[in-house]
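One file, data_24.txt, carrying compact mmCIF, N, CA and C atoms:
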# COMPACT_ATOMS: atom_id res chain seq x y z
N MET A 1 -7.75 -85.56 50.01
CA MET A 1 -8.22 -84.23 49.82
C MET A 1 -7.87 -83.38 51.03
N ASP A 2 -7.91 -83.98 52.14
CA ASP A 2 -7.55 -83.31 53.38
C ASP A 2 -6.10 -82.84 53.30
N ALA A 3 -5.23 -83.62 52.73
CA ALA A 3 -3.83 -83.27 52.64
C ALA A 3 -3.66 -82.10 51.68
N THR A 4 -4.44 -82.11 50.64
CA THR A 4 -4.35 -81.03 49.66
C THR A 4 -4.79 -79.74 50.29
N LEU A 5 -5.88 -79.77 51.05
CA LEU A 5 -6.35 -78.56 51.71
C LEU A 5 -5.34 -78.10 52.75
N HIS A 6 -4.79 -79.05 53.46
CA HIS A 6 -3.82 -78.71 54.48
C HIS A 6 -2.59 -78.09 53.80
N ALA A 7 -2.13 -78.59 52.66
CA ALA A 7 -0.97 -78.06 51.94
C ALA A 7 -1.30 -76.67 51.39
N LEU A 8 -2.54 -76.57 50.97
CA LEU A 8 -2.96 -75.27 50.44
C LEU A 8 -3.01 -74.25 51.57
N GLY A 9 -3.53 -74.60 52.73
CA GLY A 9 -3.55 -73.70 53.88
C GLY A 9 -2.16 -73.32 54.30
N ASP A 10 -1.24 -74.34 54.32
CA ASP A 10 0.15 -74.08 54.67
C ASP A 10 0.76 -73.08 53.68
N LEU A 11 0.46 -73.28 52.42
CA LEU A 11 0.97 -72.40 51.37
C LEU A 11 0.44 -70.98 51.54
N LEU A 12 -0.83 -70.86 51.89
CA LEU A 12 -1.41 -69.53 52.11
C LEU A 12 -0.78 -68.85 53.32
N ILE A 13 -0.55 -69.59 54.36
CA ILE A 13 0.06 -69.01 55.57
C ILE A 13 1.47 -68.54 55.24
N LYS A 14 2.21 -69.31 54.47
CA LYS A 14 3.56 -68.90 54.10
C LYS A 14 3.52 -67.69 53.14
N ALA A 15 2.42 -67.51 52.38
CA ALA A 15 2.31 -66.42 51.42
C ALA A 15 1.87 -65.12 52.08
N ILE A 16 1.37 -65.18 53.32
CA ILE A 16 0.88 -63.98 54.01
C ILE A 16 1.97 -62.92 54.11
N PRO A 17 3.20 -63.22 54.54
CA PRO A 17 4.21 -62.17 54.61
C PRO A 17 4.48 -61.55 53.23
N THR A 18 4.47 -62.37 52.18
CA THR A 18 4.70 -61.86 50.83
C THR A 18 3.55 -60.94 50.43
N ALA A 19 2.32 -61.33 50.75
CA ALA A 19 1.16 -60.50 50.43
C ALA A 19 1.20 -59.20 51.21
N ILE A 20 1.56 -59.26 52.50
CA ILE A 20 1.67 -58.04 53.31
C ILE A 20 2.76 -57.15 52.74
N PHE A 21 3.90 -57.75 52.39
CA PHE A 21 4.98 -56.97 51.80
C PHE A 21 4.53 -56.32 50.49
N PHE A 22 3.78 -57.09 49.68
CA PHE A 22 3.28 -56.56 48.41
C PHE A 22 2.31 -55.41 48.66
N ILE A 23 1.40 -55.55 49.62
CA ILE A 23 0.44 -54.48 49.95
C ILE A 23 1.19 -53.27 50.48
N PHE A 24 2.15 -53.50 51.38
CA PHE A 24 2.95 -52.40 51.92
C PHE A 24 3.71 -51.69 50.80
N LEU A 25 4.34 -52.49 49.92
CA LEU A 25 5.08 -51.91 48.81
C LEU A 25 4.17 -51.10 47.90
N THR A 26 2.97 -51.61 47.63
CA THR A 26 2.02 -50.90 46.79
C THR A 26 1.62 -49.57 47.43
N VAL A 27 1.29 -49.59 48.75
CA VAL A 27 0.90 -48.36 49.46
C VAL A 27 2.08 -47.39 49.50
N TYR A 28 3.25 -47.91 49.80
CA TYR A 28 4.44 -47.07 49.89
C TYR A 28 4.73 -46.40 48.52
N LEU A 29 4.73 -47.21 47.47
CA LEU A 29 5.00 -46.64 46.15
C LEU A 29 3.92 -45.66 45.73
N GLN A 30 2.69 -45.96 46.12
CA GLN A 30 1.58 -45.04 45.80
C GLN A 30 1.82 -43.69 46.45
N LYS A 31 2.19 -43.68 47.74
CA LYS A 31 2.38 -42.41 48.46
C LYS A 31 3.69 -41.74 48.09
N VAL A 32 4.75 -42.48 47.96
CA VAL A 32 6.07 -41.91 47.77
C VAL A 32 6.36 -41.61 46.29
N TYR A 33 5.90 -42.45 45.39
CA TYR A 33 6.29 -42.28 44.00
C TYR A 33 5.13 -41.87 43.10
N PHE A 34 4.04 -42.62 43.09
CA PHE A 34 2.98 -42.39 42.10
C PHE A 34 2.20 -41.11 42.36
N LYS A 35 1.84 -40.83 43.62
CA LYS A 35 1.08 -39.59 43.89
C LYS A 35 1.92 -38.35 43.58
N PRO A 36 3.18 -38.26 44.05
CA PRO A 36 3.96 -37.08 43.67
C PRO A 36 4.19 -36.98 42.16
N MET A 37 4.39 -38.16 41.53
CA MET A 37 4.59 -38.15 40.09
C MET A 37 3.31 -37.67 39.39
N ALA A 38 2.16 -38.14 39.84
CA ALA A 38 0.88 -37.71 39.26
C ALA A 38 0.67 -36.22 39.50
N ARG A 39 1.04 -35.73 40.69
CA ARG A 39 0.89 -34.31 41.00
C ARG A 39 1.80 -33.47 40.10
N ILE A 40 3.04 -33.94 39.92
CA ILE A 40 3.98 -33.22 39.05
C ILE A 40 3.47 -33.22 37.61
N LEU A 41 2.99 -34.35 37.13
CA LEU A 41 2.47 -34.42 35.77
C LEU A 41 1.23 -33.53 35.61
N GLU A 42 0.37 -33.50 36.64
CA GLU A 42 -0.82 -32.64 36.59
C GLU A 42 -0.41 -31.16 36.57
N GLU A 43 0.59 -30.80 37.36
CA GLU A 43 1.09 -29.42 37.36
C GLU A 43 1.65 -29.05 35.98
N ARG A 44 2.42 -29.96 35.41
CA ARG A 44 2.97 -29.71 34.08
C ARG A 44 1.84 -29.56 33.06
N ARG A 45 0.83 -30.42 33.17
CA ARG A 45 -0.30 -30.35 32.24
C ARG A 45 -1.00 -28.99 32.38
N LYS A 46 -1.22 -28.58 33.66
CA LYS A 46 -1.88 -27.28 33.89
C LYS A 46 -1.01 -26.14 33.36
N GLU A 47 0.28 -26.20 33.63
CA GLU A 47 1.17 -25.15 33.14
C GLU A 47 1.20 -25.13 31.61
N THR A 48 1.22 -26.32 31.02
CA THR A 48 1.22 -26.40 29.56
C THR A 48 -0.07 -25.83 29.00
N GLU A 49 -1.19 -26.18 29.62
CA GLU A 49 -2.46 -25.62 29.17
C GLU A 49 -2.49 -24.12 29.39
N GLY A 50 -1.94 -23.67 30.52
CA GLY A 50 -1.88 -22.23 30.78
C GLY A 50 -1.05 -21.52 29.73
N VAL A 51 0.08 -22.13 29.38
CA VAL A 51 0.94 -21.53 28.36
C VAL A 51 0.23 -21.56 27.02
N ARG A 52 -0.46 -22.66 26.73
CA ARG A 52 -1.20 -22.74 25.48
C ARG A 52 -2.30 -21.68 25.43
N GLU A 53 -3.01 -21.53 26.53
CA GLU A 53 -4.05 -20.49 26.58
C GLU A 53 -3.43 -19.11 26.41
N LEU A 54 -2.32 -18.91 27.09
CA LEU A 54 -1.62 -17.62 26.96
C LEU A 54 -1.16 -17.40 25.51
N ALA A 55 -0.63 -18.45 24.91
CA ALA A 55 -0.19 -18.34 23.51
C ALA A 55 -1.39 -18.09 22.60
N GLN A 56 -2.50 -18.75 22.88
CA GLN A 56 -3.72 -18.55 22.08
C GLN A 56 -4.19 -17.10 22.19
N ARG A 57 -4.20 -16.58 23.43
CA ARG A 57 -4.61 -15.18 23.63
C ARG A 57 -3.64 -14.22 22.93
N ALA A 58 -2.34 -14.54 23.01
CA ALA A 58 -1.35 -13.70 22.33
C ALA A 58 -1.55 -13.75 20.82
N LEU A 59 -1.85 -14.94 20.30
CA LEU A 59 -2.11 -15.08 18.86
C LEU A 59 -3.34 -14.30 18.45
N GLU A 60 -4.39 -14.38 19.26
CA GLU A 60 -5.61 -13.62 18.96
C GLU A 60 -5.34 -12.12 19.02
N ALA A 61 -4.56 -11.70 20.02
CA ALA A 61 -4.21 -10.27 20.13
C ALA A 61 -3.39 -9.84 18.91
N ALA A 62 -2.46 -10.71 18.49
CA ALA A 62 -1.63 -10.38 17.33
C ALA A 62 -2.50 -10.31 16.07
N GLU A 63 -3.45 -11.22 15.93
CA GLU A 63 -4.34 -11.17 14.77
C GLU A 63 -5.19 -9.91 14.80
N LYS A 64 -5.64 -9.52 15.99
CA LYS A 64 -6.43 -8.30 16.12
C LYS A 64 -5.58 -7.09 15.73
N LYS A 65 -4.34 -7.05 16.24
CA LYS A 65 -3.44 -5.94 15.91
C LYS A 65 -3.15 -5.93 14.40
N THR A 66 -2.96 -7.11 13.81
CA THR A 66 -2.72 -7.19 12.38
C THR A 66 -3.91 -6.66 11.61
N SER A 67 -5.10 -7.04 12.05
CA SER A 67 -6.32 -6.55 11.40
C SER A 67 -6.42 -5.03 11.52
N GLU A 68 -6.14 -4.52 12.72
CA GLU A 68 -6.18 -3.07 12.92
C GLU A 68 -5.14 -2.38 12.04
N PHE A 69 -3.94 -2.98 11.97
CA PHE A 69 -2.87 -2.40 11.16
C PHE A 69 -3.27 -2.39 9.69
N GLU A 70 -3.84 -3.49 9.21
CA GLU A 70 -4.27 -3.55 7.82
C GLU A 70 -5.36 -2.54 7.53
N HIS A 71 -6.27 -2.38 8.48
CA HIS A 71 -7.33 -1.38 8.30
C HIS A 71 -6.73 0.03 8.24
N ALA A 72 -5.81 0.30 9.17
CA ALA A 72 -5.15 1.61 9.17
C ALA A 72 -4.36 1.82 7.88
N LEU A 73 -3.73 0.76 7.40
CA LEU A 73 -2.97 0.84 6.16
C LEU A 73 -3.90 1.13 4.98
N GLN A 74 -5.05 0.50 4.95
CA GLN A 74 -6.02 0.76 3.88
C GLN A 74 -6.50 2.21 3.94
N LEU A 75 -6.77 2.69 5.15
CA LEU A 75 -7.19 4.09 5.29
C LEU A 75 -6.10 5.04 4.82
N ALA A 76 -4.86 4.73 5.18
CA ALA A 76 -3.74 5.58 4.76
C ALA A 76 -3.59 5.56 3.25
N ARG A 77 -3.72 4.37 2.65
CA ARG A 77 -3.63 4.29 1.19
C ARG A 77 -4.75 5.08 0.53
N ALA A 78 -5.95 4.97 1.08
CA ALA A 78 -7.08 5.71 0.51
C ALA A 78 -6.82 7.22 0.62
N GLU A 79 -6.29 7.64 1.76
CA GLU A 79 -5.99 9.07 1.95
C GLU A 79 -4.91 9.52 0.96
N ILE A 80 -3.88 8.70 0.78
CA ILE A 80 -2.82 9.04 -0.18
C ILE A 80 -3.40 9.12 -1.59
N ASN A 81 -4.27 8.17 -1.93
CA ASN A 81 -4.89 8.21 -3.26
C ASN A 81 -5.74 9.47 -3.43
N ARG A 82 -6.48 9.85 -2.38
CA ARG A 82 -7.27 11.09 -2.46
C ARG A 82 -6.35 12.29 -2.65
N GLU A 83 -5.26 12.33 -1.89
CA GLU A 83 -4.32 13.45 -2.03
C GLU A 83 -3.69 13.48 -3.42
N HIS A 84 -3.33 12.30 -3.94
CA HIS A 84 -2.76 12.25 -5.29
C HIS A 84 -3.77 12.74 -6.32
N GLU A 85 -5.02 12.30 -6.17
CA GLU A 85 -6.06 12.72 -7.11
C GLU A 85 -6.28 14.23 -7.01
N LYS A 86 -6.30 14.76 -5.79
CA LYS A 86 -6.47 16.20 -5.60
C LYS A 86 -5.31 16.97 -6.23
N LEU A 87 -4.09 16.47 -6.01
CA LEU A 87 -2.91 17.11 -6.58
C LEU A 87 -2.94 17.02 -8.11
N ARG A 88 -3.35 15.86 -8.65
CA ARG A 88 -3.44 15.70 -10.09
C ARG A 88 -4.46 16.67 -10.68
N GLN A 89 -5.62 16.81 -10.01
CA GLN A 89 -6.64 17.76 -10.47
C GLN A 89 -6.10 19.19 -10.43
N HIS A 90 -5.35 19.50 -9.37
CA HIS A 90 -4.75 20.83 -9.26
C HIS A 90 -3.77 21.06 -10.42
N TRP A 91 -2.95 20.07 -10.71
CA TRP A 91 -1.99 20.21 -11.81
C TRP A 91 -2.71 20.35 -13.14
N ILE A 92 -3.78 19.60 -13.33
CA ILE A 92 -4.53 19.69 -14.58
C ILE A 92 -5.13 21.09 -14.71
N ALA A 93 -5.71 21.61 -13.62
CA ALA A 93 -6.29 22.96 -13.66
C ALA A 93 -5.20 23.99 -13.94
N GLU A 94 -4.06 23.83 -13.29
CA GLU A 94 -2.95 24.75 -13.49
C GLU A 94 -2.45 24.68 -14.94
N GLN A 95 -2.33 23.47 -15.46
CA GLN A 95 -1.89 23.29 -16.84
C GLN A 95 -2.90 23.89 -17.81
N THR A 96 -4.17 23.69 -17.55
CA THR A 96 -5.21 24.25 -18.41
C THR A 96 -5.13 25.78 -18.39
N ALA A 97 -4.93 26.35 -17.21
CA ALA A 97 -4.81 27.81 -17.10
C ALA A 97 -3.59 28.30 -17.88
N ARG A 98 -2.47 27.59 -17.75
CA ARG A 98 -1.27 28.01 -18.48
C ARG A 98 -1.46 27.90 -19.99
N ILE A 99 -2.14 26.83 -20.40
CA ILE A 99 -2.41 26.66 -21.85
C ILE A 99 -3.30 27.80 -22.34
N ALA A 100 -4.32 28.15 -21.53
CA ALA A 100 -5.21 29.25 -21.92
C ALA A 100 -4.44 30.56 -22.00
N GLU A 101 -3.53 30.78 -21.02
CA GLU A 101 -2.71 31.99 -21.05
C GLU A 101 -1.82 32.00 -22.29
N ALA A 102 -1.22 30.85 -22.59
CA ALA A 102 -0.32 30.77 -23.75
C ALA A 102 -1.11 31.02 -25.04
N ARG A 103 -2.31 30.45 -25.12
CA ARG A 103 -3.14 30.67 -26.32
C ARG A 103 -3.52 32.15 -26.43
N ALA A 104 -3.91 32.74 -25.30
CA ALA A 104 -4.28 34.16 -25.33
C ALA A 104 -3.09 35.00 -25.77
N GLU A 105 -1.90 34.67 -25.24
CA GLU A 105 -0.69 35.42 -25.62
C GLU A 105 -0.39 35.20 -27.11
N ALA A 106 -0.54 33.96 -27.58
CA ALA A 106 -0.29 33.68 -29.00
C ALA A 106 -1.31 34.43 -29.87
N ASP A 107 -2.58 34.42 -29.46
CA ASP A 107 -3.60 35.16 -30.22
C ASP A 107 -3.29 36.65 -30.25
N ARG A 108 -2.85 37.19 -29.11
CA ARG A 108 -2.50 38.61 -29.03
C ARG A 108 -1.34 38.92 -29.97
N GLN A 109 -0.32 38.04 -29.95
CA GLN A 109 0.84 38.26 -30.81
C GLN A 109 0.45 38.14 -32.29
N ILE A 110 -0.45 37.19 -32.58
CA ILE A 110 -0.92 37.04 -33.97
C ILE A 110 -1.65 38.31 -34.40
N GLU A 111 -2.52 38.84 -33.55
CA GLU A 111 -3.24 40.08 -33.87
C GLU A 111 -2.28 41.23 -34.08
N GLU A 112 -1.27 41.34 -33.21
CA GLU A 112 -0.28 42.41 -33.37
C GLU A 112 0.46 42.24 -34.69
N ALA A 113 0.83 40.98 -35.00
CA ALA A 113 1.53 40.73 -36.26
C ALA A 113 0.64 41.09 -37.45
N LYS A 114 -0.64 40.72 -37.36
CA LYS A 114 -1.58 41.05 -38.45
C LYS A 114 -1.68 42.57 -38.61
N GLN A 115 -1.75 43.29 -37.49
CA GLN A 115 -1.85 44.75 -37.56
C GLN A 115 -0.57 45.35 -38.15
N ARG A 116 0.58 44.80 -37.73
CA ARG A 116 1.84 45.31 -38.29
C ARG A 116 1.92 45.04 -39.79
N ILE A 117 1.50 43.82 -40.15
CA ILE A 117 1.53 43.47 -41.58
C ILE A 117 0.56 44.36 -42.35
N ALA A 118 -0.66 44.59 -41.80
CA ALA A 118 -1.64 45.45 -42.48
C ALA A 118 -1.09 46.87 -42.59
N GLU A 119 -0.42 47.35 -41.55
CA GLU A 119 0.17 48.70 -41.59
C GLU A 119 1.27 48.74 -42.64
N GLU A 120 2.10 47.70 -42.69
CA GLU A 120 3.17 47.66 -43.68
C GLU A 120 2.58 47.58 -45.09
N VAL A 121 1.48 46.82 -45.23
CA VAL A 121 0.83 46.74 -46.54
C VAL A 121 0.32 48.12 -46.94
N ARG A 122 -0.33 48.82 -46.00
CA ARG A 122 -0.82 50.17 -46.30
C ARG A 122 0.33 51.10 -46.68
N LYS A 123 1.43 51.01 -45.90
CA LYS A 123 2.58 51.85 -46.23
C LYS A 123 3.14 51.49 -47.61
N ALA A 124 3.24 50.18 -47.85
CA ALA A 124 3.77 49.74 -49.15
C ALA A 124 2.86 50.19 -50.27
N GLU A 125 1.53 50.10 -50.08
CA GLU A 125 0.60 50.55 -51.11
C GLU A 125 0.72 52.06 -51.34
N ALA A 126 0.88 52.80 -50.23
CA ALA A 126 1.04 54.26 -50.37
C ALA A 126 2.33 54.57 -51.10
N ASP A 127 3.41 53.83 -50.72
CA ASP A 127 4.70 54.05 -51.40
C ASP A 127 4.58 53.69 -52.88
N ILE A 128 3.92 52.57 -53.14
CA ILE A 128 3.76 52.15 -54.53
C ILE A 128 2.91 53.17 -55.29
N ALA A 129 1.86 53.66 -54.62
CA ALA A 129 1.00 54.65 -55.29
C ALA A 129 1.82 55.90 -55.62
N MET A 130 2.66 56.31 -54.69
CA MET A 130 3.49 57.47 -54.95
C MET A 130 4.53 57.15 -56.03
N SER A 131 5.07 55.94 -55.97
CA SER A 131 6.07 55.55 -56.96
C SER A 131 5.44 55.41 -58.33
N VAL A 132 4.20 54.97 -58.38
CA VAL A 132 3.53 54.78 -59.67
C VAL A 132 3.41 56.14 -60.37
N ASP A 133 2.98 57.14 -59.62
CA ASP A 133 2.86 58.46 -60.24
C ASP A 133 4.22 58.95 -60.74
N ALA A 134 5.23 58.78 -59.89
CA ALA A 134 6.56 59.24 -60.28
C ALA A 134 7.09 58.43 -61.46
N LEU A 135 6.89 57.11 -61.42
CA LEU A 135 7.35 56.27 -62.53
C LEU A 135 6.55 56.57 -63.81
N GLY A 136 5.27 56.78 -63.60
CA GLY A 136 4.45 57.13 -64.77
C GLY A 136 4.96 58.39 -65.44
N GLU A 137 5.31 59.39 -64.66
CA GLU A 137 5.83 60.63 -65.21
C GLU A 137 7.18 60.40 -65.87
N GLN A 138 8.01 59.56 -65.25
CA GLN A 138 9.32 59.27 -65.83
C GLN A 138 9.16 58.54 -67.16
N ILE A 139 8.21 57.59 -67.19
CA ILE A 139 8.01 56.85 -68.44
C ILE A 139 7.51 57.79 -69.54
N VAL A 140 6.54 58.62 -69.13
CA VAL A 140 6.00 59.56 -70.11
C VAL A 140 7.11 60.50 -70.57
N ASN A 141 7.89 61.02 -69.67
CA ASN A 141 9.00 61.92 -70.03
C ASN A 141 10.02 61.19 -70.91
N SER A 142 10.27 59.95 -70.56
CA SER A 142 11.23 59.17 -71.33
C SER A 142 10.69 58.93 -72.74
N LEU A 143 9.44 58.64 -72.87
CA LEU A 143 8.86 58.41 -74.18
C LEU A 143 8.83 59.72 -74.99
N LEU A 144 8.51 60.78 -74.32
CA LEU A 144 8.46 62.04 -75.00
C LEU A 144 9.86 62.46 -75.47
N LYS A 145 10.85 62.17 -74.70
CA LYS A 145 12.23 62.50 -75.07
C LYS A 145 12.63 61.65 -76.26
N ARG A 146 12.19 60.46 -76.36
CA ARG A 146 12.57 59.58 -77.46
C ARG A 146 11.86 60.08 -78.74
N ARG A 147 10.64 60.52 -78.56
CA ARG A 147 9.92 60.97 -79.73
C ARG A 147 10.50 62.30 -80.21
N ALA A 148 10.86 63.05 -79.27
CA ALA A 148 11.42 64.33 -79.65
C ALA A 148 12.82 64.16 -80.25
N ALA A 149 13.39 63.16 -79.98
CA ALA A 149 14.74 63.00 -80.44
C ALA A 149 14.80 62.43 -81.78
When written as structure tokens, how does the structure in this file appear?
Amino acid sequence: MDATLHALGDLLIKAIPTAIFFIFLTVYLQKVYFKPMARILEERRKETEGVRELAQRALEAAEKKTSEFEHALQLARAEINREHEKLRQHWIAEQTARIAEARAEADRQIEEAKQRIAEEVRKAEADIAMSVDALGEQIVNSLLKRRAA
């Protein structure tokens, strides 16, 4: 057992330089490679998060602008609809006025035509009345001439 312990001690003593080299290599790699790499990765992570936050804020701003634009668009459409309705009402009123004017003009022309026709009827009746007397006399004269003949 003594030999085994002595061999083990010898083995440990021979392993000391390897262990020191391993510890040195670990410390060296930690300072030279892993810490700078971790710092670079952390910076990238922060920049990525910063860009993501910036993109998120830009997206929120764009959504807000879109909402404002849609609201403004709805207001504009409502205003256009009001203007169209107002214009349509104006056209209807104008059309109604023109129809009333046309009816009044047609009624006036009908009345004038009725008066002209009534005047012509009166003239025709007067002419007929005068013609009746003259024709009556002609008929009587004609009959008397036939009897006398």
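Taking atom C of Met130 of chain A as the reference point, atom CA of Ile117 of chain A is found at 20.1 Å.
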### Task
State, in Å with one decimal place, the distance from atom CA of Leu12 of chain A to atom CA of Phe24 of chain A.
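Atom CA of Leu12 of chain A sits 17.7 Å away from atom CA of Phe24 of chain A.
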Go ahead and fit an axis-aligned box to every listed atom of segment 43-62 of chain A plus 8 Å each side, and pass me the centre and edge lengths in Å, one decimal, as AutoDock Vina command-line options.
--center_x -1.3 --center_y -20.3 --center_z 26.7 --size_x 24.6 --size_y 37.0 --size_z 37.3
### Task
Tell me, in Å to one decimal, how far atom C of Ala76 of chain A is from atom C of Glu63 of chain A.
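Result for atom C of Ala76 of chain A versus atom C of Glu63 of chain A: 19.4 Å, one decimal.
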